[in-house]
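run-v3.pdb follows; it contains PDB, C-alpha atoms.
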```pdb
MODEL        1
ATOM      1  CA  MET Y   9      95.178 104.649  45.505  1.00  0.00           C
ATOM      2  CA  GLN Y  10      95.225 101.321  47.427  1.00  0.00           C
ATOM      3  CA  ASP Y  11      98.540 100.456  45.842  1.00  0.00           C
ATOM      4  CA  ARG Y  12     100.003 103.879  46.604  1.00  0.00           C
ATOM      5  CA  LEU Y  13      98.932 103.608  50.245  1.00  0.00           C
ATOM      6  CA  ASP Y  14     100.552 100.145  50.361  1.00  0.00           C
ATOM      7  CA  ARG Y  15     103.812 101.626  49.144  1.00  0.00           C
ATOM      8  CA  THR Y  16     103.632 104.702  51.373  1.00  0.00           C
ATOM      9  CA  PHE Y  17     102.961 102.728  54.560  1.00  0.00           C
ATOM     10  CA  ALA Y  18     105.629 100.137  53.629  1.00  0.00           C
ATOM     11  CA  ALA Y  19     108.166 102.916  52.987  1.00  0.00           C
ATOM     12  CA  LEU Y  20     107.418 104.409  56.408  1.00  0.00           C
ATOM     13  CA  ALA Y  21     107.994 101.052  58.150  1.00  0.00           C
ATOM     14  CA  ASP Y  22     111.758 101.575  58.434  1.00  0.00           C
ATOM     15  CA  PRO Y  23     113.584 103.778  60.976  1.00  0.00           C
ATOM     16  CA  THR Y  24     116.299 104.925  58.550  1.00  0.00           C
ATOM     17  CA  ARG Y  25     113.725 105.957  55.951  1.00  0.00           C
ATOM     18  CA  ARG Y  26     111.738 107.838  58.610  1.00  0.00           C
ATOM     19  CA  ALA Y  27     114.958 109.594  59.699  1.00  0.00           C
ATOM     20  CA  ILE Y  28     115.671 110.551  56.061  1.00  0.00           C
ATOM     21  CA  LEU Y  29     112.186 112.072  55.799  1.00  0.00           C
ATOM     22  CA  ALA Y  30     112.720 113.987  59.060  1.00  0.00           C
ATOM     23  CA  ARG Y  31     116.003 115.351  57.646  1.00  0.00           C
ATOM     24  CA  LEU Y  32     114.284 116.347  54.382  1.00  0.00           C
ATOM     25  CA  ALA Y  33     111.498 118.077  56.310  1.00  0.00           C
ATOM     26  CA  HIS Y  34     114.169 120.665  57.226  1.00  0.00           C
ATOM     27  CA  GLY Y  35     114.924 121.280  53.558  1.00  0.00           C
ATOM     28  CA  GLU Y  36     116.165 119.500  50.453  1.00  0.00           C
ATOM     29  CA  ALA Y  37     119.465 117.592  50.559  1.00  0.00           C
ATOM     30  CA  THR Y  38     121.767 115.772  48.161  1.00  0.00           C
ATOM     31  CA  VAL Y  39     122.514 112.039  48.477  1.00  0.00           C
ATOM     32  CA  ALA Y  40     125.958 112.883  49.950  1.00  0.00           C
ATOM     33  CA  GLU Y  41     124.373 115.197  52.535  1.00  0.00           C
ATOM     34  CA  LEU Y  42     121.827 112.541  53.427  1.00  0.00           C
ATOM     35  CA  GLN Y  43     124.484 109.878  53.789  1.00  0.00           C
ATOM     36  CA  LYS Y  44     126.555 111.829  56.363  1.00  0.00           C
ATOM     37  CA  PRO Y  45     124.394 111.403  59.483  1.00  0.00           C
ATOM     38  CA  PHE Y  46     123.821 107.691  58.816  1.00  0.00           C
ATOM     39  CA  SER Y  47     126.587 105.135  59.147  1.00  0.00           C
ATOM     40  CA  ILE Y  48     125.488 103.199  56.082  1.00  0.00           C
ATOM     41  CA  SER Y  49     126.900 102.785  52.595  1.00  0.00           C
ATOM     42  CA  GLN Y  50     125.979 104.933  49.621  1.00  0.00           C
ATOM     43  CA  PRO Y  51     124.243 101.988  47.850  1.00  0.00           C
ATOM     44  CA  ALA Y  52     122.188 101.385  51.017  1.00  0.00           C
ATOM     45  CA  ILE Y  53     121.096 105.025  51.203  1.00  0.00           C
ATOM     46  CA  SER Y  54     120.304 105.003  47.475  1.00  0.00           C
ATOM     47  CA  LYS Y  55     118.115 101.953  47.975  1.00  0.00           C
ATOM     48  CA  HIS Y  56     116.182 103.698  50.765  1.00  0.00           C
ATOM     49  CA  LEU Y  57     115.784 106.806  48.573  1.00  0.00           C
ATOM     50  CA  LYS Y  58     114.461 104.638  45.752  1.00  0.00           C
ATOM     51  CA  VAL Y  59     111.803 103.149  48.052  1.00  0.00           C
ATOM     52  CA  LEU Y  60     110.815 106.624  49.291  1.00  0.00           C
ATOM     53  CA  GLU Y  61     110.671 107.943  45.722  1.00  0.00           C
ATOM     54  CA  GLY Y  62     108.614 104.931  44.570  1.00  0.00           C
ATOM     55  CA  ALA Y  63     106.134 105.669  47.350  1.00  0.00           C
ATOM     56  CA  GLY Y  64     105.933 109.307  46.255  1.00  0.00           C
ATOM     57  CA  LEU Y  65     107.237 110.499  49.625  1.00  0.00           C
ATOM     58  CA  ILE Y  66     110.216 112.301  48.090  1.00  0.00           C
ATOM     59  CA  GLU Y  67     111.050 113.825  44.713  1.00  0.00           C
ATOM     60  CA  ARG Y  68     114.098 115.292  43.012  1.00  0.00           C
ATOM     61  CA  GLY Y  69     114.706 119.013  43.102  1.00  0.00           C
ATOM     62  CA  GLN Y  70     115.211 121.155  40.021  1.00  0.00           C
ATOM     63  CA  ASP Y  71     119.011 121.349  40.153  1.00  0.00           C
ATOM     64  CA  ARG Y  72     119.974 118.628  37.655  1.00  0.00           C
ATOM     65  CA  GLN Y  73     123.583 118.387  38.784  1.00  0.00           C
ATOM     66  CA  ALA Y  74     123.142 118.144  42.546  1.00  0.00           C
ATOM     67  CA  ARG Y  75     119.793 116.295  42.191  1.00  0.00           C
ATOM     68  CA  PRO Y  76     118.755 117.183  45.735  1.00  0.00           C
ATOM     69  CA  ARG Y  77     115.895 115.193  47.205  1.00  0.00           C
ATOM     70  CA  ARG Y  78     112.971 116.873  48.860  1.00  0.00           C
ATOM     71  CA  LEU Y  79     109.953 115.808  50.846  1.00  0.00           C
ATOM     72  CA  ARG Y  80     106.589 115.499  49.061  1.00  0.00           C
ATOM     73  CA  LEU Y  81     104.192 116.646  51.738  1.00  0.00           C
ATOM     74  CA  ALA Y  82     101.197 115.593  49.602  1.00  0.00           C
ATOM     75  CA  ALA Y  83     102.036 111.911  50.197  1.00  0.00           C
ATOM     76  CA  VAL Y  84     102.348 112.508  53.946  1.00  0.00           C
ATOM     77  CA  ASP Y  85      98.934 114.202  53.858  1.00  0.00           C
ATOM     78  CA  GLU Y  86      97.308 111.289  51.978  1.00  0.00           C
ATOM     79  CA  THR Y  87      98.613 108.857  54.570  1.00  0.00           C
ATOM     80  CA  SER Y  88      97.354 111.039  57.420  1.00  0.00           C
ATOM     81  CA  ALA Y  89      94.005 111.367  55.649  1.00  0.00           C
ATOM     82  CA  TRP Y  90      93.537 107.601  55.664  1.00  0.00           C
ATOM     83  CA  LEU Y  91      94.231 107.436  59.416  1.00  0.00           C
ATOM     84  CA  ASP Y  92      91.860 110.377  59.996  1.00  0.00           C
ATOM     85  CA  GLN Y  93      89.106 108.551  58.088  1.00  0.00           C
ATOM     86  CA  LEU Y  94      89.592 105.494  60.287  1.00  0.00           C
ATOM     87  CA  ARG Y  95      89.311 107.693  63.377  1.00  0.00           C
ATOM     88  CA  SER Y  96      86.117 109.316  61.996  1.00  0.00           C
ATOM     89  CA  LEU Y  97      84.500 105.903  61.415  1.00  0.00           C
ATOM     90  CA  TRP Y  98      85.305 105.016  65.022  1.00  0.00           C
ATOM     91  CA  THR Y  99      84.012 108.320  66.425  1.00  0.00           C
ATOM     92  CA  ASP Y 100      80.811 108.151  64.342  1.00  0.00           C
ATOM     93  CA  SER Y 101      80.123 104.630  65.618  1.00  0.00           C
ATOM     94  CA  PHE Y 102      80.531 105.776  69.215  1.00  0.00           C
ATOM     95  CA  ASP Y 103      78.313 108.794  68.599  1.00  0.00           C
ATOM     96  CA  ARG Y 104      75.601 106.543  67.144  1.00  0.00           C
ATOM     97  CA  LEU Y 105      75.837 104.151  70.090  1.00  0.00           C
ATOM     98  CA  ASP Y 106      75.704 107.071  72.492  1.00  0.00           C
ATOM     99  CA  THR Y 107      72.571 108.448  70.769  1.00  0.00           C
ATOM    100  CA  LEU Y 108      70.963 105.000  70.897  1.00  0.00           C
ATOM    101  CA  LEU Y 109      71.695 104.580  74.591  1.00  0.00           C
ATOM    102  CA  ARG Y 110      70.400 108.051  75.427  1.00  0.00           C
ATOM    103  CA  SER Y 111      67.150 107.823  73.445  1.00  0.00           C
ATOM    104  CA  PRO Y 112      64.119 107.491  75.773  1.00  0.00           C
ATOM    105  CA  GLY Y 113      62.773 103.978  76.287  1.00  0.00           C
ATOM    106  CA  THR Y 114      65.950 102.352  74.983  1.00  0.00           C
ATOM    107  CA  GLU Y 115      67.856 100.087  77.279  1.00  0.00           C
ATOM    108  CA  ALA Y 116      71.498  99.256  76.675  1.00  0.00           C
ATOM    109  CA  PRO Y 117      71.669  95.893  74.856  1.00  0.00           C
ATOM    110  CA  HIS Y 118      74.409  94.601  77.165  1.00  0.00           C
ATOM    111  CA  THR Y 119      72.478  95.487  80.331  1.00  0.00           C
ATOM    112  CA  GLN Y 120      69.470  93.633  78.959  1.00  0.00           C
ATOM    113  CA  ASP Y 121      71.578  90.568  78.120  1.00  0.00           C
ATOM    114  CA  ARG Y 122      72.957  90.381  81.599  1.00  0.00           C
ATOM    115  CA  LYS Y 123      69.532  90.738  83.219  1.00  0.00           C
ATOM    116  CA  GLY Y 124      67.936  88.007  81.126  1.00  0.00           C
TER     117      GLY Y 124
ATOM    118  CA  MET T  12     108.912 103.122  69.983  1.00  0.00           C
ATOM    119  CA  GLN T  13     110.918 102.862  66.721  1.00  0.00           C
ATOM    120  CA  ASP T  14     110.187  99.162  66.565  1.00  0.00           C
ATOM    121  CA  ARG T  15     106.491  99.674  67.298  1.00  0.00           C
ATOM    122  CA  LEU T  16     106.236 102.303  64.551  1.00  0.00           C
ATOM    123  CA  ASP T  17     107.971  99.854  62.184  1.00  0.00           C
ATOM    124  CA  ARG T  18     105.347  97.229  62.961  1.00  0.00           C
ATOM    125  CA  THR T  19     102.413  99.652  62.834  1.00  0.00           C
ATOM    126  CA  PHE T  20     103.374 101.102  59.454  1.00  0.00           C
ATOM    127  CA  ALA T  21     104.159  97.622  58.072  1.00  0.00           C
ATOM    128  CA  ALA T  22     100.773  96.322  59.278  1.00  0.00           C
ATOM    129  CA  LEU T  23      99.038  99.230  57.529  1.00  0.00           C
ATOM    130  CA  ALA T  24     100.797  98.459  54.212  1.00  0.00           C
ATOM    131  CA  ASP T  25      98.190  95.893  53.151  1.00  0.00           C
ATOM    132  CA  PRO T  26      94.712  96.613  51.728  1.00  0.00           C
ATOM    133  CA  THR T  27      93.016  93.650  53.469  1.00  0.00           C
ATOM    134  CA  ARG T  28      94.433  94.667  56.833  1.00  0.00           C
ATOM    135  CA  ARG T  29      93.318  98.278  56.283  1.00  0.00           C
ATOM    136  CA  ALA T  30      89.827  96.993  55.367  1.00  0.00           C
ATOM    137  CA  ILE T  31      89.746  94.896  58.561  1.00  0.00           C
ATOM    138  CA  LEU T  32      90.628  98.003  60.589  1.00  0.00           C
ATOM    139  CA  ALA T  33      87.883  99.980  58.805  1.00  0.00           C
ATOM    140  CA  ARG T  34      85.385  97.210  59.702  1.00  0.00           C
ATOM    141  CA  LEU T  35      86.553  97.199  63.336  1.00  0.00           C
ATOM    142  CA  ALA T  36      86.221 100.990  63.512  1.00  0.00           C
ATOM    143  CA  HIS T  37      82.447 100.338  63.332  1.00  0.00           C
ATOM    144  CA  GLY T  38      82.621  98.077  66.372  1.00  0.00           C
ATOM    145  CA  GLU T  39      84.230  94.844  67.582  1.00  0.00           C
ATOM    146  CA  ALA T  40      83.805  91.663  65.531  1.00  0.00           C
ATOM    147  CA  THR T  41      84.615  87.970  65.829  1.00  0.00           C
ATOM    148  CA  VAL T  42      86.977  86.204  63.414  1.00  0.00           C
ATOM    149  CA  ALA T  43      83.961  84.612  61.667  1.00  0.00           C
ATOM    150  CA  GLU T  44      82.298  88.029  61.258  1.00  0.00           C
ATOM    151  CA  LEU T  45      85.529  89.495  59.907  1.00  0.00           C
ATOM    152  CA  GLN T  46      85.976  86.644  57.441  1.00  0.00           C
ATOM    153  CA  LYS T  47      82.537  87.112  55.799  1.00  0.00           C
ATOM    154  CA  PRO T  48      83.168  90.239  53.695  1.00  0.00           C
ATOM    155  CA  PHE T  49      86.561  88.982  52.479  1.00  0.00           C
ATOM    156  CA  SER T  50      86.877  86.082  50.087  1.00  0.00           C
ATOM    157  CA  ILE T  51      89.895  84.644  51.860  1.00  0.00           C
ATOM    158  CA  SER T  52      90.448  81.583  54.010  1.00  0.00           C
ATOM    159  CA  GLN T  53      90.198  81.526  57.782  1.00  0.00           C
ATOM    160  CA  PRO T  54      93.969  80.872  58.172  1.00  0.00           C
ATOM    161  CA  ALA T  55      94.649  83.887  55.930  1.00  0.00           C
ATOM    162  CA  ILE T  56      92.404  86.156  57.991  1.00  0.00           C
ATOM    163  CA  SER T  57      93.959  84.816  61.207  1.00  0.00           C
ATOM    164  CA  LYS T  58      97.405  85.664  59.866  1.00  0.00           C
ATOM    165  CA  HIS T  59      96.321  89.235  59.105  1.00  0.00           C
ATOM    166  CA  LEU T  60      94.798  89.552  62.582  1.00  0.00           C
ATOM    167  CA  LYS T  61      98.041  88.307  64.122  1.00  0.00           C
ATOM    168  CA  VAL T  62     100.010  91.014  62.278  1.00  0.00           C
ATOM    169  CA  LEU T  63      97.521  93.696  63.386  1.00  0.00           C
ATOM    170  CA  GLU T  64      97.638  92.418  66.974  1.00  0.00           C
ATOM    171  CA  GLY T  65     101.459  92.329  66.938  1.00  0.00           C
ATOM    172  CA  ALA T  66     101.453  95.959  65.825  1.00  0.00           C
ATOM    173  CA  GLY T  67      99.078  96.873  68.648  1.00  0.00           C
ATOM    174  CA  LEU T  68      96.427  98.050  66.178  1.00  0.00           C
ATOM    175  CA  ILE T  69      93.813  95.596  67.473  1.00  0.00           C
ATOM    176  CA  GLU T  70      93.173  93.753  70.726  1.00  0.00           C
ATOM    177  CA  ARG T  71      90.828  91.033  71.948  1.00  0.00           C
ATOM    178  CA  GLY T  72      87.592  91.989  73.652  1.00  0.00           C
ATOM    179  CA  GLN T  73      86.552  90.760  77.095  1.00  0.00           C
ATOM    180  CA  ASP T  74      84.234  87.965  75.971  1.00  0.00           C
ATOM    181  CA  ARG T  75      86.492  84.930  76.278  1.00  0.00           C
ATOM    182  CA  GLN T  76      84.327  82.633  74.182  1.00  0.00           C
ATOM    183  CA  ALA T  77      83.675  84.861  71.167  1.00  0.00           C
ATOM    184  CA  ARG T  78      87.088  86.582  71.467  1.00  0.00           C
ATOM    185  CA  PRO T  79      85.956  89.562  69.397  1.00  0.00           C
ATOM    186  CA  ARG T  80      88.664  91.791  68.018  1.00  0.00           C
ATOM    187  CA  ARG T  81      88.510  95.534  68.429  1.00  0.00           C
ATOM    188  CA  LEU T  82      90.462  98.513  67.173  1.00  0.00           C
ATOM    189  CA  ARG T  83      93.104 100.072  69.435  1.00  0.00           C
ATOM    190  CA  LEU T  84      92.779 103.736  68.591  1.00  0.00           C
ATOM    191  CA  ALA T  85      95.904 104.564  70.642  1.00  0.00           C
ATOM    192  CA  ALA T  86      98.100 102.889  68.005  1.00  0.00           C
ATOM    193  CA  VAL T  87      96.362 104.810  65.220  1.00  0.00           C
ATOM    194  CA  ASP T  88      96.994 108.018  67.165  1.00  0.00           C
ATOM    195  CA  GLU T  89     100.713 107.245  67.645  1.00  0.00           C
ATOM    196  CA  THR T  90     101.090 106.708  63.902  1.00  0.00           C
ATOM    197  CA  SER T  91      99.268 109.955  63.120  1.00  0.00           C
ATOM    198  CA  ALA T  92     101.411 111.746  65.708  1.00  0.00           C
ATOM    199  CA  TRP T  93     104.593 110.747  63.876  1.00  0.00           C
ATOM    200  CA  LEU T  94     103.216 112.094  60.579  1.00  0.00           C
ATOM    201  CA  ASP T  95     102.107 115.302  62.335  1.00  0.00           C
ATOM    202  CA  GLN T  96     105.625 115.783  63.737  1.00  0.00           C
ATOM    203  CA  LEU T  97     107.063 115.432  60.245  1.00  0.00           C
ATOM    204  CA  ARG T  98     104.617 118.062  58.997  1.00  0.00           C
ATOM    205  CA  SER T  99     105.571 120.401  61.888  1.00  0.00           C
ATOM    206  CA  LEU T 100     109.285 120.098  61.055  1.00  0.00           C
ATOM    207  CA  TRP T 101     108.443 121.031  57.469  1.00  0.00           C
ATOM    208  CA  THR T 102     106.211 123.969  58.437  1.00  0.00           C
ATOM    209  CA  ASP T 103     108.756 125.296  60.971  1.00  0.00           C
ATOM    210  CA  SER T 104     111.495 125.209  58.332  1.00  0.00           C
ATOM    211  CA  PHE T 105     109.334 127.190  55.920  1.00  0.00           C
ATOM    212  CA  ASP T 106     108.416 129.679  58.648  1.00  0.00           C
ATOM    213  CA  ARG T 107     112.111 130.179  59.487  1.00  0.00           C
ATOM    214  CA  LEU T 108     112.971 130.664  55.823  1.00  0.00           C
ATOM    215  CA  ASP T 109     110.102 133.102  55.459  1.00  0.00           C
ATOM    216  CA  THR T 110     111.282 135.093  58.507  1.00  0.00           C
ATOM    217  CA  LEU T 111     114.828 135.149  57.125  1.00  0.00           C
ATOM    218  CA  LEU T 112     113.706 136.381  53.725  1.00  0.00           C
ATOM    219  CA  ARG T 113     111.489 139.077  55.237  1.00  0.00           C
ATOM    220  CA  SER T 114     114.043 140.440  57.750  1.00  0.00           C
ATOM    221  CA  PRO T 115     115.354 143.880  56.671  1.00  0.00           C
ATOM    222  CA  GLY T 116     118.709 143.920  54.902  1.00  0.00           C
ATOM    223  CA  THR T 117     118.587 140.195  54.169  1.00  0.00           C
ATOM    224  CA  GLU T 118     118.724 139.069  50.613  1.00  0.00           C
ATOM    225  CA  ALA T 119     117.511 135.650  49.569  1.00  0.00           C
ATOM    226  CA  PRO T 120     120.553 133.302  49.482  1.00  0.00           C
ATOM    227  CA  HIS T 121     119.587 131.902  46.081  1.00  0.00           C
ATOM    228  CA  THR T 122     119.235 135.371  44.510  1.00  0.00           C
ATOM    229  CA  GLN T 123     122.681 136.265  45.855  1.00  0.00           C
ATOM    230  CA  ASP T 124     124.210 133.059  44.455  1.00  0.00           C
ATOM    231  CA  ARG T 125     122.847 133.705  41.013  1.00  0.00           C
ATOM    232  CA  LYS T 126     124.124 137.314  40.992  1.00  0.00           C
ATOM    233  CA  GLY T 127     127.674 136.337  42.010  1.00  0.00           C
TER     234      GLY T 127
ENDMDL
END
```
Starting from the coordinates I provided, produce the structure as structure tokens.
Amino acid sequence: MQDRLDRTFAALADPTRRAILARLAHGEATVAELQKPFSISQPAISKHLKVLEGAGLIERGQDRQARPRRLRLAAVDETSAWLDQLRSLWTDSFDRLDTLLRSPGTEAPHTQDRKG
Amino acid sequence: MQDRLDRTFAALADPTRRAILARLAHGEATVAELQKPFSISQPAISKHLKVLEGAGLIERGQDRQARPRRLRLAAVDETSAWLDQLRSLWTDSFDRLDTLLRSPGTEAPHTQDRKG
């Protein structure tokens, strides 16, 4: 899981690869169709597709001749889930601090420090 | 924005850096406090912190002596927002396809292809 997240985040760290994913979010596309909007060579686009496929962000469609690529939303969801977890940890910590500060007879640690 | 997303996603593509962010989600911490749970050198942890800071994922707290690091949730939110947009594009495309297939007198393009 760690390793997959490494690969997913690394794959997303490139503007061309993110643009390819945005294109594939509209529907599957062949390598030739993907190459059109980008002014880069076919080997370059193939390399990007390989990285995206290695990260599980795209897969090949069922048509064996055209081999269209399509988005794997599951990988996008896993990546989002990690970020959501981070946000939950943060929110929980703030909630706990808030509860502590509001409980009767408790003074905020920082206020106490500054008084002393 | 493109460049910032590049740096944010690249910073997230490392398990130690993700663990540092998870620790900081619980509250700010000094470099020494961050180093404890990881069996890596101080220069190594400093390098990771530099990458996270360059990506805008962490910032330095107000205490100038301790220089605690804290999470910048705004950067986490921007990253999530990009993934959410991708998901919306995908969902919209499916909704459009669904509407097309359900509209009276419309036959699914694939069914038509296979008949012809």
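One distance worth recording is that between CA of Arg15 in chain T and CA of Gln53 in chain T, which is 26.2 Å.
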>> Tell me as a PyMOL selection string which residues belonging to chain Y come within 12 Å of chain T, counting only C-alpha atoms.
In response: chain Y and resi 9-36+63+65+78-105+118
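Across the model, the gap from CA of Gln76 in chain T to CA of Thr41 in chain T is 9.9 Å.
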Return chain T as a JSON list (two decimals) with C-alpha atoms, in the coordinates of the input, after superposing it on chain Y by a least-squares fit that covers all C-alpha atoms paired in order.
```json
[["chain", "number", "residue", "atom", "x", "y", "z"],
["T", 12, "MET", "CA", 95.18, 104.53, 45.71],
["T", 13, "GLN", "CA", 95.25, 101.21, 47.63],
["T", 14, "ASP", "CA", 98.56, 100.34, 46.03],
["T", 15, "ARG", "CA", 100.01, 103.78, 46.76],
["T", 16, "LEU", "CA", 98.96, 103.54, 50.41],
["T", 17, "ASP", "CA", 100.59, 100.09, 50.55],
["T", 18, "ARG", "CA", 103.85, 101.57, 49.30],
["T", 19, "THR", "CA", 103.66, 104.67, 51.49],
["T", 20, "PHE", "CA", 103.03, 102.73, 54.70],
["T", 21, "ALA", "CA", 105.69, 100.14, 53.78],
["T", 22, "ALA", "CA", 108.22, 102.92, 53.09],
["T", 23, "LEU", "CA", 107.48, 104.44, 56.50],
["T", 24, "ALA", "CA", 108.09, 101.10, 58.27],
["T", 25, "ASP", "CA", 111.85, 101.65, 58.53],
["T", 26, "PRO", "CA", 113.68, 103.89, 61.03],
["T", 27, "THR", "CA", 116.38, 105.02, 58.57],
["T", 28, "ARG", "CA", 113.79, 106.00, 55.99],
["T", 29, "ARG", "CA", 111.80, 107.91, 58.63],
["T", 30, "ALA", "CA", 115.02, 109.69, 59.68],
["T", 31, "ILE", "CA", 115.72, 110.62, 56.04],
["T", 32, "LEU", "CA", 112.21, 112.10, 55.78],
["T", 33, "ALA", "CA", 112.76, 114.05, 59.02],
["T", 34, "ARG", "CA", 116.03, 115.44, 57.56],
["T", 35, "LEU", "CA", 114.29, 116.38, 54.30],
["T", 36, "ALA", "CA", 111.49, 118.11, 56.23],
["T", 37, "HIS", "CA", 114.17, 120.72, 57.10],
["T", 38, "GLY", "CA", 114.89, 121.31, 53.43],
["T", 39, "GLU", "CA", 116.12, 119.49, 50.31],
["T", 40, "ALA", "CA", 119.43, 117.62, 50.43],
["T", 41, "THR", "CA", 121.74, 115.79, 48.03],
["T", 42, "VAL", "CA", 122.50, 112.07, 48.39],
["T", 43, "ALA", "CA", 125.95, 112.95, 49.82],
["T", 44, "GLU", "CA", 124.37, 115.28, 52.40],
["T", 45, "LEU", "CA", 121.84, 112.61, 53.34],
["T", 46, "GLN", "CA", 124.53, 109.96, 53.71],
["T", 47, "LYS", "CA", 126.59, 111.97, 56.25],
["T", 48, "PRO", "CA", 124.46, 111.55, 59.39],
["T", 49, "PHE", "CA", 123.90, 107.83, 58.76],
["T", 50, "SER", "CA", 126.68, 105.30, 59.08],
["T", 51, "ILE", "CA", 125.57, 103.33, 56.05],
["T", 52, "SER", "CA", 126.97, 102.88, 52.57],
["T", 53, "GLN", "CA", 126.01, 104.98, 49.57],
["T", 54, "PRO", "CA", 124.28, 102.00, 47.85],
["T", 55, "ALA", "CA", 122.26, 101.43, 51.03],
["T", 56, "ILE", "CA", 121.14, 105.06, 51.19],
["T", 57, "SER", "CA", 120.33, 105.00, 47.46],
["T", 58, "LYS", "CA", 118.15, 101.94, 48.01],
["T", 59, "HIS", "CA", 116.24, 103.71, 50.79],
["T", 60, "LEU", "CA", 115.79, 106.78, 48.59],
["T", 61, "LYS", "CA", 114.47, 104.59, 45.78],
["T", 62, "VAL", "CA", 111.84, 103.10, 48.12],
["T", 63, "LEU", "CA", 110.83, 106.59, 49.33],
["T", 64, "GLU", "CA", 110.66, 107.86, 45.74],
["T", 65, "GLY", "CA", 108.60, 104.83, 44.64],
["T", 66, "ALA", "CA", 106.14, 105.60, 47.43],
["T", 67, "GLY", "CA", 105.92, 109.22, 46.31],
["T", 68, "LEU", "CA", 107.24, 110.45, 49.66],
["T", 69, "ILE", "CA", 110.20, 112.25, 48.08],
["T", 70, "GLU", "CA", 111.00, 113.74, 44.68],
["T", 71, "ARG", "CA", 114.04, 115.19, 42.94],
["T", 72, "GLY", "CA", 114.60, 118.93, 42.98],
["T", 73, "GLN", "CA", 115.09, 121.05, 39.87],
["T", 74, "ASP", "CA", 118.89, 121.26, 39.97],
["T", 75, "ARG", "CA", 119.87, 118.55, 37.50],
["T", 76, "GLN", "CA", 123.49, 118.32, 38.61],
["T", 77, "ALA", "CA", 123.05, 118.11, 42.38],
["T", 78, "ARG", "CA", 119.72, 116.23, 42.07],
["T", 79, "PRO", "CA", 118.68, 117.15, 45.61],
["T", 80, "ARG", "CA", 115.86, 115.15, 47.11],
["T", 81, "ARG", "CA", 112.93, 116.85, 48.78],
["T", 82, "LEU", "CA", 109.92, 115.77, 50.79],
["T", 83, "ARG", "CA", 106.56, 115.44, 49.03],
["T", 84, "LEU", "CA", 104.17, 116.60, 51.71],
["T", 85, "ALA", "CA", 101.16, 115.52, 49.61],
["T", 86, "ALA", "CA", 102.02, 111.85, 50.24],
["T", 87, "VAL", "CA", 102.35, 112.49, 53.97],
["T", 88, "ASP", "CA", 98.94, 114.16, 53.90],
["T", 89, "GLU", "CA", 97.30, 111.23, 52.06],
["T", 90, "THR", "CA", 98.64, 108.83, 54.68],
["T", 91, "SER", "CA", 97.39, 111.03, 57.52],
["T", 92, "ALA", "CA", 94.03, 111.34, 55.76],
["T", 93, "TRP", "CA", 93.57, 107.56, 55.82],
["T", 94, "LEU", "CA", 94.30, 107.44, 59.56],
["T", 95, "ASP", "CA", 91.91, 110.38, 60.14],
["T", 96, "GLN", "CA", 89.15, 108.53, 58.26],
["T", 97, "LEU", "CA", 89.67, 105.50, 60.48],
["T", 98, "ARG", "CA", 89.39, 107.73, 63.55],
["T", 99, "SER", "CA", 86.17, 109.32, 62.17],
["T", 100, "LEU", "CA", 84.58, 105.89, 61.63],
["T", 101, "TRP", "CA", 85.42, 105.05, 65.25],
["T", 102, "THR", "CA", 84.11, 108.36, 66.63],
["T", 103, "ASP", "CA", 80.89, 108.16, 64.56],
["T", 104, "SER", "CA", 80.22, 104.65, 65.86],
["T", 105, "PHE", "CA", 80.63, 105.82, 69.45],
["T", 106, "ASP", "CA", 78.40, 108.84, 68.81],
["T", 107, "ARG", "CA", 75.70, 106.57, 67.35],
["T", 108, "LEU", "CA", 75.95, 104.21, 70.31],
["T", 109, "ASP", "CA", 75.78, 107.15, 72.69],
["T", 110, "THR", "CA", 72.67, 108.51, 70.93],
["T", 111, "LEU", "CA", 71.05, 105.07, 71.07],
["T", 112, "LEU", "CA", 71.76, 104.66, 74.77],
["T", 113, "ARG", "CA", 70.47, 108.14, 75.59],
["T", 114, "SER", "CA", 67.22, 107.93, 73.55],
["T", 115, "PRO", "CA", 64.16, 107.62, 75.84],
["T", 116, "GLY", "CA", 62.79, 104.12, 76.34],
["T", 117, "THR", "CA", 65.95, 102.48, 75.02],
["T", 118, "GLU", "CA", 67.82, 100.15, 77.26],
["T", 119, "ALA", "CA", 71.45, 99.31, 76.66],
["T", 120, "PRO", "CA", 71.58, 96.04, 74.64],
["T", 121, "HIS", "CA", 74.23, 94.54, 76.93],
["T", 122, "THR", "CA", 72.23, 95.28, 80.10],
["T", 123, "GLN", "CA", 69.20, 93.61, 78.51],
["T", 124, "ASP", "CA", 71.24, 90.54, 77.53],
["T", 125, "ARG", "CA", 72.55, 90.08, 81.02],
["T", 126, "LYS", "CA", 69.05, 90.39, 82.56],
["T", 127, "GLY", "CA", 67.51, 87.79, 80.23]]
```
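Each of T:Pro115, T:Ala77, T:Leu45, T:Asp109 was checked against Leu60 in chain T using all atoms listed in the file; the smallest atom-to-atom distance is that of T:Leu45.
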> What does the distance from CA of Thr110 in chain T to CA of Gly64 in chain Y come to in Å, to one decimal?
Replying inline: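 Separation between CA of Thr110 in chain T and CA of Gly64 in chain Y: 29.0 Å.
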>> Using only C-alpha atoms, which protein or nucleic acid residues come within 8 Å of Pro79 in chain T? Drop anything in the same chain fewer than 3 positions from it, and give the result as a ChimeraX atom specification.
In response: /T:39-42,71-74
Residues of the last selection are to be written out with C-alpha atoms, as an mmCIF file, in the coordinates of the input.
```cif
data_model
loop_
_atom_site.group_PDB
_atom_site.id
_atom_site.type_symbol
_atom_site.label_atom_id
_atom_site.label_comp_id
_atom_site.auth_asym_id
_atom_site.auth_seq_id
_atom_site.Cartn_x
_atom_site.Cartn_y
_atom_site.Cartn_z
ATOM 1 C CA GLU T 39 84.230 94.844 67.582
ATOM 2 C CA ALA T 40 83.805 91.663 65.531
ATOM 3 C CA THR T 41 84.615 87.970 65.829
ATOM 4 C CA VAL T 42 86.977 86.204 63.414
ATOM 5 C CA ARG T 71 90.828 91.033 71.948
ATOM 6 C CA GLY T 72 87.592 91.989 73.652
ATOM 7 C CA GLN T 73 86.552 90.760 77.095
ATOM 8 C CA ASP T 74 84.234 87.965 75.971
#
```
